[in-house]
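Raw contents of structure_34.txt, compact mmCIF, C-alpha atoms:
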# COMPACT_ATOMS: atom_id res chain seq x y z
CA MET A 47 221.96 246.63 154.78
CA LYS A 48 219.96 245.46 151.79
CA THR A 49 220.61 245.25 148.06
CA TYR A 50 217.92 244.28 145.56
CA VAL A 51 219.30 242.59 142.45
CA PHE A 52 217.46 242.09 139.16
CA PRO A 53 218.12 239.23 136.71
CA GLY A 54 218.80 239.63 133.00
CA GLN A 55 218.37 237.61 129.84
CA GLY A 56 218.44 233.89 130.51
CA SER A 57 216.12 234.05 133.52
CA GLN A 58 212.96 234.24 131.42
CA ILE A 59 210.51 231.36 131.76
CA LYS A 60 207.02 230.74 130.48
CA GLY A 61 204.53 231.58 133.24
CA MET A 62 206.62 234.34 134.84
CA GLY A 63 204.58 237.17 136.30
CA ALA A 64 201.48 235.05 136.78
CA THR A 65 200.98 236.21 140.37
CA ILE A 66 201.49 239.94 139.80
CA PHE A 67 200.08 240.98 136.40
CA ASN A 68 196.57 241.50 137.77
CA GLU A 69 197.87 243.75 140.56
CA PHE A 70 199.06 246.44 138.14
CA PRO A 71 196.41 246.74 135.39
CA GLU A 72 197.29 250.35 134.51
CA LEU A 73 200.95 249.55 133.96
CA ILE A 74 200.09 246.49 131.88
CA GLU A 75 197.82 248.63 129.72
CA LYS A 76 200.64 251.15 129.18
CA ALA A 77 203.09 248.35 128.41
CA ASP A 78 200.80 246.80 125.80
CA ALA A 79 200.38 250.18 124.12
CA ILE A 80 204.15 250.72 123.92
CA LEU A 81 204.94 247.19 122.76
CA GLY A 82 202.01 246.65 120.41
CA TYR A 83 201.18 243.23 121.86
CA SER A 84 199.91 241.66 125.08
CA ILE A 85 202.77 241.23 127.52
CA LYS A 86 200.61 239.04 129.73
CA THR A 87 199.87 236.65 126.86
CA LEU A 88 203.56 236.54 125.89
CA CYS A 89 204.74 235.71 129.41
CA LEU A 90 201.99 233.33 130.45
CA GLU A 91 201.16 231.53 127.21
CA ASP A 92 203.87 232.36 124.64
CA PRO A 93 201.62 231.05 121.82
CA GLU A 94 204.09 231.95 119.05
CA ASN A 95 207.25 230.80 120.87
CA LYS A 96 208.72 234.32 120.96
CA LEU A 97 209.60 234.62 124.63
CA ASN A 98 213.19 233.47 124.06
CA LEU A 99 213.78 235.91 121.19
CA THR A 100 215.91 238.82 122.40
CA GLN A 101 213.54 241.56 121.20
CA TYR A 102 210.72 239.96 123.22
CA THR A 103 212.73 238.57 126.13
CA GLN A 104 214.09 241.92 127.25
CA PRO A 105 210.80 243.85 127.54
CA ALA A 106 209.19 240.83 129.21
CA LEU A 107 211.89 240.54 131.86
CA TYR A 108 211.99 244.29 132.44
CA ILE A 109 208.24 244.34 133.09
CA VAL A 110 208.18 241.30 135.39
CA ASN A 111 211.20 242.59 137.33
CA ALA A 112 209.60 246.03 137.64
CA LEU A 113 206.25 244.75 138.89
CA THR A 114 208.02 242.51 141.40
CA TYR A 115 209.93 245.52 142.70
CA PHE A 116 206.84 247.74 142.88
CA LYS A 117 204.99 245.05 144.82
CA LYS A 118 207.90 244.57 147.22
CA VAL A 119 208.24 248.27 148.00
CA ARG A 120 204.46 248.61 148.42
CA GLU A 121 204.37 245.69 150.87
CA ILE A 122 207.27 246.68 153.11
CA ASN A 123 207.09 250.46 152.57
CA THR A 124 210.84 250.88 152.59
CA GLN A 125 213.67 250.99 150.08
CA PRO A 126 217.03 249.17 149.94
CA GLU A 127 220.40 250.81 150.43
CA PHE A 128 221.69 249.65 147.01
CA LEU A 129 220.36 248.35 143.69
CA ALA A 130 222.06 246.26 141.01
CA GLY A 131 221.06 244.30 137.93
CA HIS A 132 222.76 241.85 135.61
CA SER A 133 222.92 243.32 132.09
CA LEU A 134 219.26 243.99 131.23
CA GLY A 135 218.44 243.92 134.96
CA GLU A 136 220.40 247.14 135.40
CA TYR A 137 217.48 248.99 133.80
CA ASN A 138 215.28 247.82 136.67
CA ALA A 139 217.89 249.04 139.15
CA ILE A 140 217.84 252.50 137.56
CA LEU A 141 214.04 252.44 137.52
CA GLY A 142 214.02 251.59 141.22
CA ALA A 143 216.38 254.49 141.93
CA GLY A 144 214.16 256.96 140.08
CA GLY A 145 216.42 257.47 137.07
CA PHE A 146 213.42 257.14 134.76
CA ASP A 147 209.78 256.09 134.96
CA PHE A 148 208.28 252.73 133.99
CA GLU A 149 207.28 253.78 130.48
CA THR A 150 210.64 255.38 129.66
CA GLY A 151 212.51 252.31 130.85
CA LEU A 152 210.30 250.08 128.72
CA ARG A 153 210.91 252.17 125.61
CA LEU A 154 214.66 251.96 126.22
CA VAL A 155 214.56 248.22 126.77
CA LYS A 156 212.37 247.70 123.69
CA LYS A 157 214.90 249.56 121.52
CA ARG A 158 217.81 247.74 123.15
CA GLY A 159 216.19 244.36 122.51
CA GLU A 160 215.50 245.25 118.88
CA LEU A 161 219.10 246.33 118.25
CA MET A 162 220.56 243.28 119.97
CA GLY A 163 218.06 241.01 118.21
CA LYS A 164 219.28 242.27 114.81
CA ALA A 165 222.93 241.53 115.60
CA SER A 166 224.23 238.27 114.12
CA GLY A 167 227.36 236.37 113.15
CA GLY A 168 228.71 235.89 116.63
CA ALA A 169 228.68 233.35 119.43
CA MET A 170 229.32 233.04 123.16
CA ALA A 171 230.53 230.29 125.49
CA ALA A 172 230.71 229.85 129.25
CA VAL A 173 234.09 228.86 130.65
CA ILE A 174 233.80 227.14 134.04
CA ARG A 175 236.55 226.48 136.59
CA LEU A 176 239.13 228.96 135.23
CA LYS A 177 239.83 232.47 136.50
CA GLU A 178 239.98 235.59 134.35
CA GLU A 179 243.78 235.73 134.31
CA LYS A 180 244.04 232.15 133.05
CA ILE A 181 241.41 232.74 130.37
CA LYS A 182 243.29 235.80 129.12
CA GLU A 183 246.51 233.78 129.08
CA ILE A 184 244.93 231.02 126.96
CA LEU A 185 243.45 233.52 124.52
CA SER A 186 246.74 235.38 124.16
CA LYS A 187 248.98 232.30 123.94
CA ASN A 188 246.85 230.72 121.22
CA LYS A 189 246.29 233.97 119.32
CA PHE A 190 242.52 234.17 119.80
CA THR A 191 242.70 237.93 119.42
CA GLY A 192 239.10 238.17 118.23
CA ILE A 193 237.57 236.83 121.44
CA ASP A 194 236.47 239.17 124.26
CA ILE A 195 235.47 238.48 127.85
CA ALA A 196 231.75 239.23 128.04
CA ASN A 197 230.49 238.26 131.51
CA LEU A 198 232.45 237.91 134.74
CA ASN A 199 229.67 236.09 136.60
CA THR A 200 231.82 234.60 139.38
CA PRO A 201 235.61 234.30 139.77
CA THR A 202 235.43 230.93 137.96
CA GLN A 203 232.31 231.28 135.79
CA ILE A 204 233.15 233.54 132.87
CA VAL A 205 231.54 234.01 129.46
CA ILE A 206 233.54 234.77 126.31
CA SER A 207 232.25 236.33 123.11
CA GLY A 208 233.42 236.42 119.49
CA TYR A 209 232.98 235.09 115.97
CA ASN A 210 231.33 231.65 115.62
CA ASP A 211 234.44 229.98 114.22
CA ASP A 212 236.71 231.36 116.94
CA ILE A 213 234.37 230.25 119.73
CA LEU A 214 234.19 226.73 118.26
CA ARG A 215 237.97 226.48 117.71
CA ALA A 216 238.77 227.66 121.23
CA LYS A 217 236.95 224.80 122.97
CA PRO A 218 239.78 222.21 123.11
CA TYR A 219 242.31 224.78 124.32
CA PHE A 220 240.21 225.52 127.39
CA GLU A 221 239.26 221.90 128.02
CA ARG A 222 242.96 220.94 128.08
CA GLU A 223 243.34 223.33 131.02
CA GLY A 224 240.55 221.60 132.95
CA ALA A 225 237.67 223.93 132.08
CA ALA A 226 234.11 223.02 131.28
CA TYR A 227 233.30 224.79 128.01
CA ILE A 228 229.64 225.39 127.24
CA PRO A 229 228.55 227.11 123.99
CA LEU A 230 225.53 229.34 124.64
CA ASN A 231 222.33 229.51 122.59
CA VAL A 232 222.64 233.14 121.47
CA SER A 233 222.45 234.86 118.10
CA ALA A 234 225.37 237.28 118.44
CA ALA A 235 228.53 238.15 120.35
CA PHE A 236 226.89 240.23 123.07
CA HIS A 237 228.97 242.39 125.44
CA SER A 238 231.91 242.52 123.06
CA ARG A 239 233.52 244.82 120.49
CA TYR A 240 231.16 243.34 117.88
CA MET A 241 228.27 245.26 119.41
CA GLN A 242 229.83 248.62 118.54
CA GLU A 243 227.28 249.40 115.82
CA ALA A 244 224.38 248.60 118.13
CA LYS A 245 226.05 250.66 120.86
CA ASP A 246 226.37 253.71 118.60
CA LYS A 247 222.74 253.51 117.47
CA PHE A 248 221.50 253.00 121.01
CA GLU A 249 223.52 255.94 122.31
CA LYS A 250 221.84 258.23 119.76
CA TYR A 251 218.45 256.90 120.89
CA LEU A 252 219.31 257.51 124.54
CA MET A 253 220.02 261.16 123.80
CA ASN A 254 216.29 261.67 123.18
CA PHE A 255 215.52 261.11 126.87
CA THR A 256 216.04 263.00 130.11
CA PHE A 257 217.24 261.11 133.18
CA SER A 258 216.74 262.04 136.82
CA GLU A 259 219.11 262.00 139.78
CA LEU A 260 219.42 258.52 141.29
CA SER A 261 217.99 258.43 144.82
CA ILE A 262 219.57 255.03 145.63
CA PRO A 263 223.11 253.98 144.65
CA VAL A 264 223.04 251.74 141.54
CA ILE A 265 226.02 249.54 140.74
CA SER A 266 227.15 249.76 137.11
CA ASN A 267 227.90 246.61 135.08
CA VAL A 268 230.52 248.59 133.17
CA THR A 269 232.58 249.74 136.18
CA GLY A 270 231.48 247.48 139.04
CA LYS A 271 230.95 250.64 141.11
CA PRO A 272 228.09 253.10 141.75
CA TYR A 273 226.70 255.21 138.94
CA ASP A 274 227.22 258.91 138.79
CA SER A 275 223.81 260.31 137.76
CA SER A 276 225.56 262.36 135.08
CA ASN A 277 226.83 259.30 133.19
CA ILE A 278 223.66 257.23 132.79
CA VAL A 279 223.68 257.60 128.99
CA SER A 280 227.32 256.57 128.55
CA ASN A 281 226.97 253.65 130.96
CA LEU A 282 223.86 252.25 129.29
CA ALA A 283 225.37 252.64 125.83
CA ASN A 284 228.76 251.18 126.76
CA GLN A 285 227.07 248.28 128.54
CA LEU A 286 226.21 246.76 125.15
CA ARG A 287 229.86 246.23 124.23
CA SER A 288 231.53 246.09 127.66
CA SER A 289 232.06 243.17 130.00
CA VAL A 290 229.39 242.60 132.65
CA ARG A 291 231.48 242.97 135.81
CA TRP A 292 229.13 241.10 138.09
CA THR A 293 231.80 239.62 140.35
CA GLU A 294 233.35 243.04 140.84
CA SER A 295 229.93 244.54 141.55
CA ILE A 296 229.13 241.99 144.26
CA LYS A 297 232.58 242.34 145.80
CA TYR A 298 232.01 246.08 146.03
CA LEU A 299 228.65 245.58 147.75
CA LEU A 300 230.06 243.03 150.18
CA CYS A 301 232.56 245.67 151.29
CA GLN A 302 229.84 248.11 152.32
CA GLY A 303 229.06 246.27 155.54
CA ASN A 304 226.71 243.48 156.59
CA MET A 305 225.03 243.15 153.18
CA GLU A 306 221.90 241.12 152.49
CA PHE A 307 220.89 240.42 148.89
CA GLU A 308 217.41 239.76 147.55
CA GLU A 309 216.68 238.83 143.93
CA LEU A 310 213.53 240.39 142.47
CA GLY A 311 212.32 238.74 139.29
CA PRO A 312 211.96 235.22 137.90
CA GLY A 313 214.34 232.49 139.04
CA THR A 314 217.35 232.42 141.34
CA VAL A 315 220.23 232.80 138.89
CA LEU A 316 221.73 235.82 140.64
CA THR A 317 221.14 234.39 144.11
CA ASN A 318 223.19 231.36 143.10
CA LEU A 319 225.94 233.47 141.52
CA ILE A 320 226.23 235.62 144.64
CA ALA A 321 226.55 232.52 146.83
CA LYS A 322 229.37 231.25 144.59
CA ILE A 323 231.14 234.62 144.64
CA LYS A 324 231.03 234.67 148.44
CA ALA A 325 232.36 231.10 148.61
CA GLU A 326 235.18 231.77 146.14
CA ILE A 327 236.58 234.93 147.74
CA PRO A 328 239.20 234.05 150.40
CA PRO A 329 238.91 235.95 153.73
CA VAL A 330 242.24 237.73 153.14
CA GLN A 331 241.07 238.93 149.72
CA GLN A 332 237.79 240.13 151.25
CA GLU A 333 239.78 242.14 153.78
CA LYS A 334 241.97 243.63 151.04
CA GLN A 335 238.85 244.54 149.03
CA VAL A 336 237.45 246.42 152.03
CA MET A 337 240.76 248.26 152.34
CA ASP A 338 240.73 249.16 148.64
CA VAL A 339 237.23 250.60 148.95
CA LEU A 340 238.25 252.53 152.03
CA VAL A 341 241.27 253.95 150.19
CA GLU A 342 239.11 255.07 147.28
CA LYS A 343 236.49 256.70 149.49
CA ASN A 344 239.16 258.33 151.66
CA SER A 345 240.71 259.80 148.52
CA LYS A 346 237.33 261.04 147.32
CA PHE A 347 236.14 262.65 150.51
CA SER A 348 239.51 263.75 151.89
CA PRO A 349 241.68 264.59 148.86
CA LYS A 350 244.23 266.48 150.96
CA ASN A 351 244.81 263.59 153.33
CA ASP A 352 247.47 261.96 151.13
CA LEU A 353 249.50 260.63 154.06
CA ILE A 354 246.62 258.53 155.38
CA THR A 355 245.57 257.45 151.89
CA ASN A 356 249.06 256.29 150.97
CA LYS A 357 249.50 254.49 154.26
CA MET A 358 246.25 252.61 153.70
CA ARG A 359 247.14 251.84 150.08
CA ASP A 360 250.49 250.36 151.14
CA SER A 361 248.92 248.17 153.84
CA THR A 362 249.49 244.46 153.39
CA GLU A 363 248.41 241.33 155.18
CA GLU A 364 251.41 241.70 157.50
CA ASP A 365 250.87 245.39 158.21
CA ILE A 366 249.69 244.93 161.79
CA GLU A 367 249.88 248.59 162.76
CA GLY A 368 247.68 249.64 159.86
CA LYS A 369 245.14 246.94 160.59
CA ILE A 370 244.90 247.95 164.25
CA ALA A 371 244.32 251.57 163.27
CA TYR A 372 241.71 250.52 160.75
CA LYS A 373 239.99 248.29 163.31
CA GLN A 374 239.87 251.13 165.86
CA LYS A 375 238.45 253.49 163.23
CA MET A 376 235.71 251.00 162.38
CA GLU A 377 234.93 250.36 166.04
CA ASP A 378 234.47 254.11 166.52
CA THR A 379 232.19 254.23 163.50
CA TYR A 380 230.03 251.34 164.72
CA ARG A 381 229.86 252.93 168.18
CA LYS A 382 228.67 256.18 166.62
CA ILE A 383 225.95 254.30 164.70
CA LYS A 384 224.84 252.38 167.79
CA ASN A 385 224.64 255.50 169.95
CA TRP A 386 222.60 257.39 167.35
CA ASN A 387 220.09 254.56 166.91
CA LYS A 388 219.74 254.24 170.66
CA LYS A 389 218.95 257.95 171.14
CA TYR A 390 217.10 258.94 167.96
CA PRO A 391 214.22 257.07 166.26
CA ILE A 392 213.44 257.14 162.53
CA GLY A 393 211.63 260.40 161.79
CA THR A 394 213.86 262.56 163.97
CA LYS A 395 213.99 266.19 162.80
CA VAL A 396 217.50 267.26 161.89
CA ILE A 397 219.48 270.16 160.46
CA CYS A 398 221.84 268.98 157.72
CA GLN A 399 225.06 270.62 156.67
CA GLY A 400 224.33 272.97 153.77
CA TYR A 401 220.56 273.05 154.39
CA LYS A 402 218.73 275.64 156.50
CA ALA A 403 215.35 273.90 156.54
CA GLU A 404 214.55 271.12 158.96
CA LEU A 405 214.57 267.63 157.44
CA LYS A 406 213.63 264.23 158.84
CA THR A 407 215.53 260.96 158.98
CA ARG A 408 214.05 258.11 156.96
CA SER A 409 216.22 255.24 158.18
CA GLU A 410 218.33 254.17 161.10
CA ALA A 411 221.99 255.11 161.07
CA MET A 412 224.05 252.58 159.11
CA LEU A 413 227.45 251.81 157.67
CA LEU A 414 227.70 253.26 154.15
CA PHE A 415 230.51 252.69 151.63
CA GLY A 416 232.16 250.33 154.07
CA HIS A 417 233.35 253.02 156.47
CA ARG A 418 230.97 255.99 156.83
CA ALA A 419 228.37 256.37 159.58
CA ALA A 420 225.43 257.71 157.57
CA ILE A 421 221.66 258.05 157.57
CA TYR A 422 219.01 258.42 154.85
CA VAL A 423 217.22 261.79 155.02
CA GLU A 424 213.69 262.43 153.79
CA ASN A 425 213.01 265.31 151.36
CA TYR A 426 216.72 265.31 150.49
CA ASN A 427 216.32 261.69 149.24
CA GLY A 428 219.88 260.73 149.97
CA TYR A 429 222.44 259.99 152.66
CA PHE A 430 224.22 262.35 155.02
CA ALA A 431 227.15 261.42 157.21
CA LEU A 432 226.18 261.50 160.89
CA ASP A 433 228.87 264.15 161.38
CA GLU A 434 226.95 266.40 158.97
CA ILE A 435 223.62 266.43 160.81
CA THR A 436 222.37 267.82 164.12
CA PRO A 437 219.15 266.68 165.85
CA VAL A 438 216.66 269.51 166.39
This entry written out as structure tokens:
Amino acid sequence: MKTYVFPGQGSQIKGMGATIFNEFPELIEKADAILGYSIKTLCLEDPENKLNLTQYTQPALYIVNALTYFKKVREINTQPEFLAGHSLGEYNAILGAGGFDFETGLRLVKKRGELMGKASGGAMAAVIRLKEEKIKEILSKNKFTGIDIANLNTPTQIVISGYNDDILRAKPYFEREGAAYIPLNVSAAFHSRYMQEAKDKFEKYLMNFTFSELSIPVISNVTGKPYDSSNIVSNLANQLRSSVRWTESIKYLLCQGNMEFEELGPGTVLTNLIAKIKAEIPPVQQEKQVMDVLVEKNSKFSPKNDLITNKMRDSTEEDIEGKIAYKQKMEDTYRKIKNWNKKYPIGTKVICQGYKAELKTRSEAMLLFGHRAAIYVENYNGYFALDEITPV
């Protein structure tokens, strides 16, 4: 399985997009018209040193990420199973899933960058080597009630956000606990309660647009779980003042099966974060995370099966019987996937539950949501469980 991930602010670099701008002249022309300046000149030359200003950084990254994605899909002629983006990068994930078109996404990002660029009076700092629980303990014990957790980048790389004075005063308290404490070069307390005004204004702006059904699952920064297409507006608005739950997002994706990640955009920030997340999650915790996802999905798709759900929820590391049952269930699922792929090629005509017309498969059978044998179906533009389709 494949997930494309898109970087956010901080990954910008002069020269980004140099190899792809000329491949999409029509999109660049549309972008320049929306922005009122040359995006190519900004990214490649940055003559006025504006690339690192929020209101310019965000459109620039959105465009470079988008063109990289369009080129990738054009070259391999296939789509990933999941999409995710870090903060700003989430707009590229939604674009890739068909939630809006290139121009709409750019208008949203332009407005977002302007609102965030106007915010001031706050600061942020990265806390390295401490986990979220310890950070919360330090903040509470020392009465730093005005500081929020902004980014959960890895289990031990976390960004906090608040007033300038609070962020400066907090430094020795974290260093005494063995943390590296790195103030960030930002103009405001992003992803915190102090972005409420920007969030409210942005939400009103979002209401002017219509969003489409997502054809690929997109992982939300706000929840660390897949979007519901009906809550795109609330998610994008709340993202401005909510924590970026990147660690939780990657944990969720790792539970879906044999997941491969590919970063599309400038740099390797997310690639490095994902590697650290994988290294910092103990095997037992990974197993528990898979069980938690299975519990949630079992509850969602089989709401009446409370006995099974509760048994799974109560499973512990020592619950041998439950683990054996779970292992057998997964073996059956993998066998079902293997048998389908052996008998039926991509493009097989099928009848899907709830649909009278013939449809065609667009992928091989795969493990979806960590436990379902499923397949992507053309024309429907989504997944069906193998149990819900019949070959013609």
Nearest-residue call for Leu176 (chain A), choices A:Ala226, A:Leu252, A:Val264, A:Cys301, using all atoms listed in the file: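 Of the candidates, the smallest distance to Leu176 (chain A) is held by A:Ala226.
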Among the residues A:Leu97, A:Ile397, A:Val268, A:Leu129, the one that comes closest to Ile59 (chain A) [using only C-alpha atoms]: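 Closest residue, counting only C-alpha atoms: A:Leu97.
Proximity ranking of A:Ile383, A:Ala106, A:Ile140, A:Ile392 relative to Asn281 (chain A) places A:Ile140 first, based on only C-alpha atoms.
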If we count all atoms listed in the file, what is near Trp292 (chain A) at a cut-off of 12 Å, once residues fewer than 6 positions away on the same chain are taken out, given as a CSV table (one decimal) with C-alpha atoms, keeping the file's coordinate frame?
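Output contents, as saved in out_28.csv:
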chain,number,residue,atom,x,y,z
A,51,VAL,CA,219.3,242.6,142.4
A,52,PHE,CA,217.5,242.1,139.2
A,53,PRO,CA,218.1,239.2,136.7
A,54,GLY,CA,218.8,239.6,133.0
A,130,ALA,CA,222.1,246.3,141.0
A,131,GLY,CA,221.1,244.3,137.9
A,132,HIS,CA,222.8,241.8,135.6
A,133,SER,CA,222.9,243.3,132.1
A,135,GLY,CA,218.4,243.9,135.0
A,136,GLU,CA,220.4,247.1,135.4
A,196,ALA,CA,231.8,239.2,128.0
A,197,ASN,CA,230.5,238.3,131.5
A,198,LEU,CA,232.4,237.9,134.7
A,199,ASN,CA,229.7,236.1,136.6
A,200,THR,CA,231.8,234.6,139.4
A,201,PRO,CA,235.6,234.3,139.8
A,202,THR,CA,235.4,230.9,138.0
A,203,GLN,CA,232.3,231.3,135.8
A,204,ILE,CA,233.2,233.5,132.9
A,205,VAL,CA,231.5,234.0,129.5
A,265,ILE,CA,226.0,249.5,140.7
A,266,SER,CA,227.2,249.8,137.1
A,267,ASN,CA,227.9,246.6,135.1
A,268,VAL,CA,230.5,248.6,133.2
A,269,THR,CA,232.6,249.7,136.2
A,270,GLY,CA,231.5,247.5,139.0
A,271,LYS,CA,231.0,250.6,141.1
A,298,TYR,CA,232.0,246.1,146.0
A,299,LEU,CA,228.6,245.6,147.8
A,316,LEU,CA,221.7,235.8,140.6
A,319,LEU,CA,225.9,233.5,141.5
A,320,ILE,CA,226.2,235.6,144.6
A,322,LYS,CA,229.4,231.2,144.6
A,323,ILE,CA,231.1,234.6,144.6
Which of A:Thr407, A:Asn277, A:Asn231, A:Gln242 sits closest to Thr100 (chain A) [using only C-alpha atoms]: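 Closest to Thr100 (chain A), using only C-alpha atoms: A:Asn231.
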Of the listed residues A:Asn123, A:Gln101, A:Thr436, A:Asn210, that which approaches Leu81 (chain A) most closely, counting only C-alpha atoms: A:Gln101
Selection: 8 Å around Gly63 (chain A), all atoms listed in the file, excl. self and same-chain fewer than 4 positions, as a list in words: Phe67, Lys86, Cys89, Leu90, Val110 and Pro312 of chain A
Distance in Å - CA of Ala411 (chain A) versus CA of Ser261 (chain A): 17.1 Å
N, CA and C atoms are needed for region 382-397 of chain A; please write them out as an mmCIF file, keeping the file's coordinate frame.
data_model
loop_
_atom_site.group_PDB
_atom_site.id
_atom_site.type_symbol
_atom_site.label_atom_id
_atom_site.label_comp_id
_atom_site.auth_asym_id
_atom_site.auth_seq_id
_atom_site.Cartn_x
_atom_site.Cartn_y
_atom_site.Cartn_z
ATOM 1 N N LYS A 382 229.417 254.987 166.979
ATOM 2 C CA LYS A 382 228.670 256.180 166.620
ATOM 3 C C LYS A 382 227.276 255.817 166.092
ATOM 4 N N ILE A 383 227.217 254.772 165.249
ATOM 5 C CA ILE A 383 225.950 254.300 164.700
ATOM 6 C C ILE A 383 225.038 253.774 165.811
ATOM 7 N N LYS A 384 225.611 252.964 166.692
ATOM 8 C CA LYS A 384 224.840 252.380 167.790
ATOM 9 C C LYS A 384 224.273 253.460 168.707
ATOM 10 N N ASN A 385 225.087 254.443 169.047
ATOM 11 C CA ASN A 385 224.640 255.500 169.950
ATOM 12 C C ASN A 385 223.520 256.328 169.321
ATOM 13 N N TRP A 386 223.664 256.627 168.024
ATOM 14 C CA TRP A 386 222.600 257.390 167.350
ATOM 15 C C TRP A 386 221.282 256.622 167.382
ATOM 16 N N ASN A 387 221.315 255.356 166.985
ATOM 17 C CA ASN A 387 220.090 254.560 166.910
ATOM 18 C C ASN A 387 219.443 254.363 168.276
ATOM 19 N N LYS A 388 220.257 254.382 169.296
ATOM 20 C CA LYS A 388 219.740 254.240 170.660
ATOM 21 C C LYS A 388 219.014 255.506 171.106
ATOM 22 N N LYS A 389 219.501 256.664 170.686
ATOM 23 C CA LYS A 389 218.950 257.950 171.140
ATOM 24 C C LYS A 389 217.859 258.511 170.227
ATOM 25 N N TYR A 390 217.972 258.255 168.916
ATOM 26 C CA TYR A 390 217.100 258.940 167.960
ATOM 27 C C TYR A 390 216.342 257.949 167.074
ATOM 28 N N PRO A 391 215.011 257.971 167.115
ATOM 29 C CA PRO A 391 214.220 257.070 166.260
ATOM 30 C C PRO A 391 214.156 257.582 164.821
ATOM 31 N N ILE A 392 213.695 256.717 163.913
ATOM 32 C CA ILE A 392 213.440 257.140 162.530
ATOM 33 C C ILE A 392 212.361 258.227 162.555
ATOM 34 N N GLY A 393 212.577 259.282 161.797
ATOM 35 C CA GLY A 393 211.630 260.400 161.790
ATOM 36 C C GLY A 393 212.103 261.578 162.620
ATOM 37 N N THR A 394 213.303 261.469 163.193
ATOM 38 C CA THR A 394 213.860 262.560 163.970
ATOM 39 C C THR A 394 214.120 263.782 163.083
ATOM 40 N N LYS A 395 213.726 264.961 163.540
ATOM 41 C CA LYS A 395 213.990 266.190 162.800
ATOM 42 C C LYS A 395 215.460 266.572 162.968
ATOM 43 N N VAL A 396 216.080 266.955 161.855
ATOM 44 C CA VAL A 396 217.500 267.260 161.890
ATOM 45 C C VAL A 396 217.802 268.482 161.015
ATOM 46 N N ILE A 397 218.915 269.121 161.318
ATOM 47 C CA ILE A 397 219.480 270.160 160.460
ATOM 48 C C ILE A 397 220.714 269.554 159.797
#
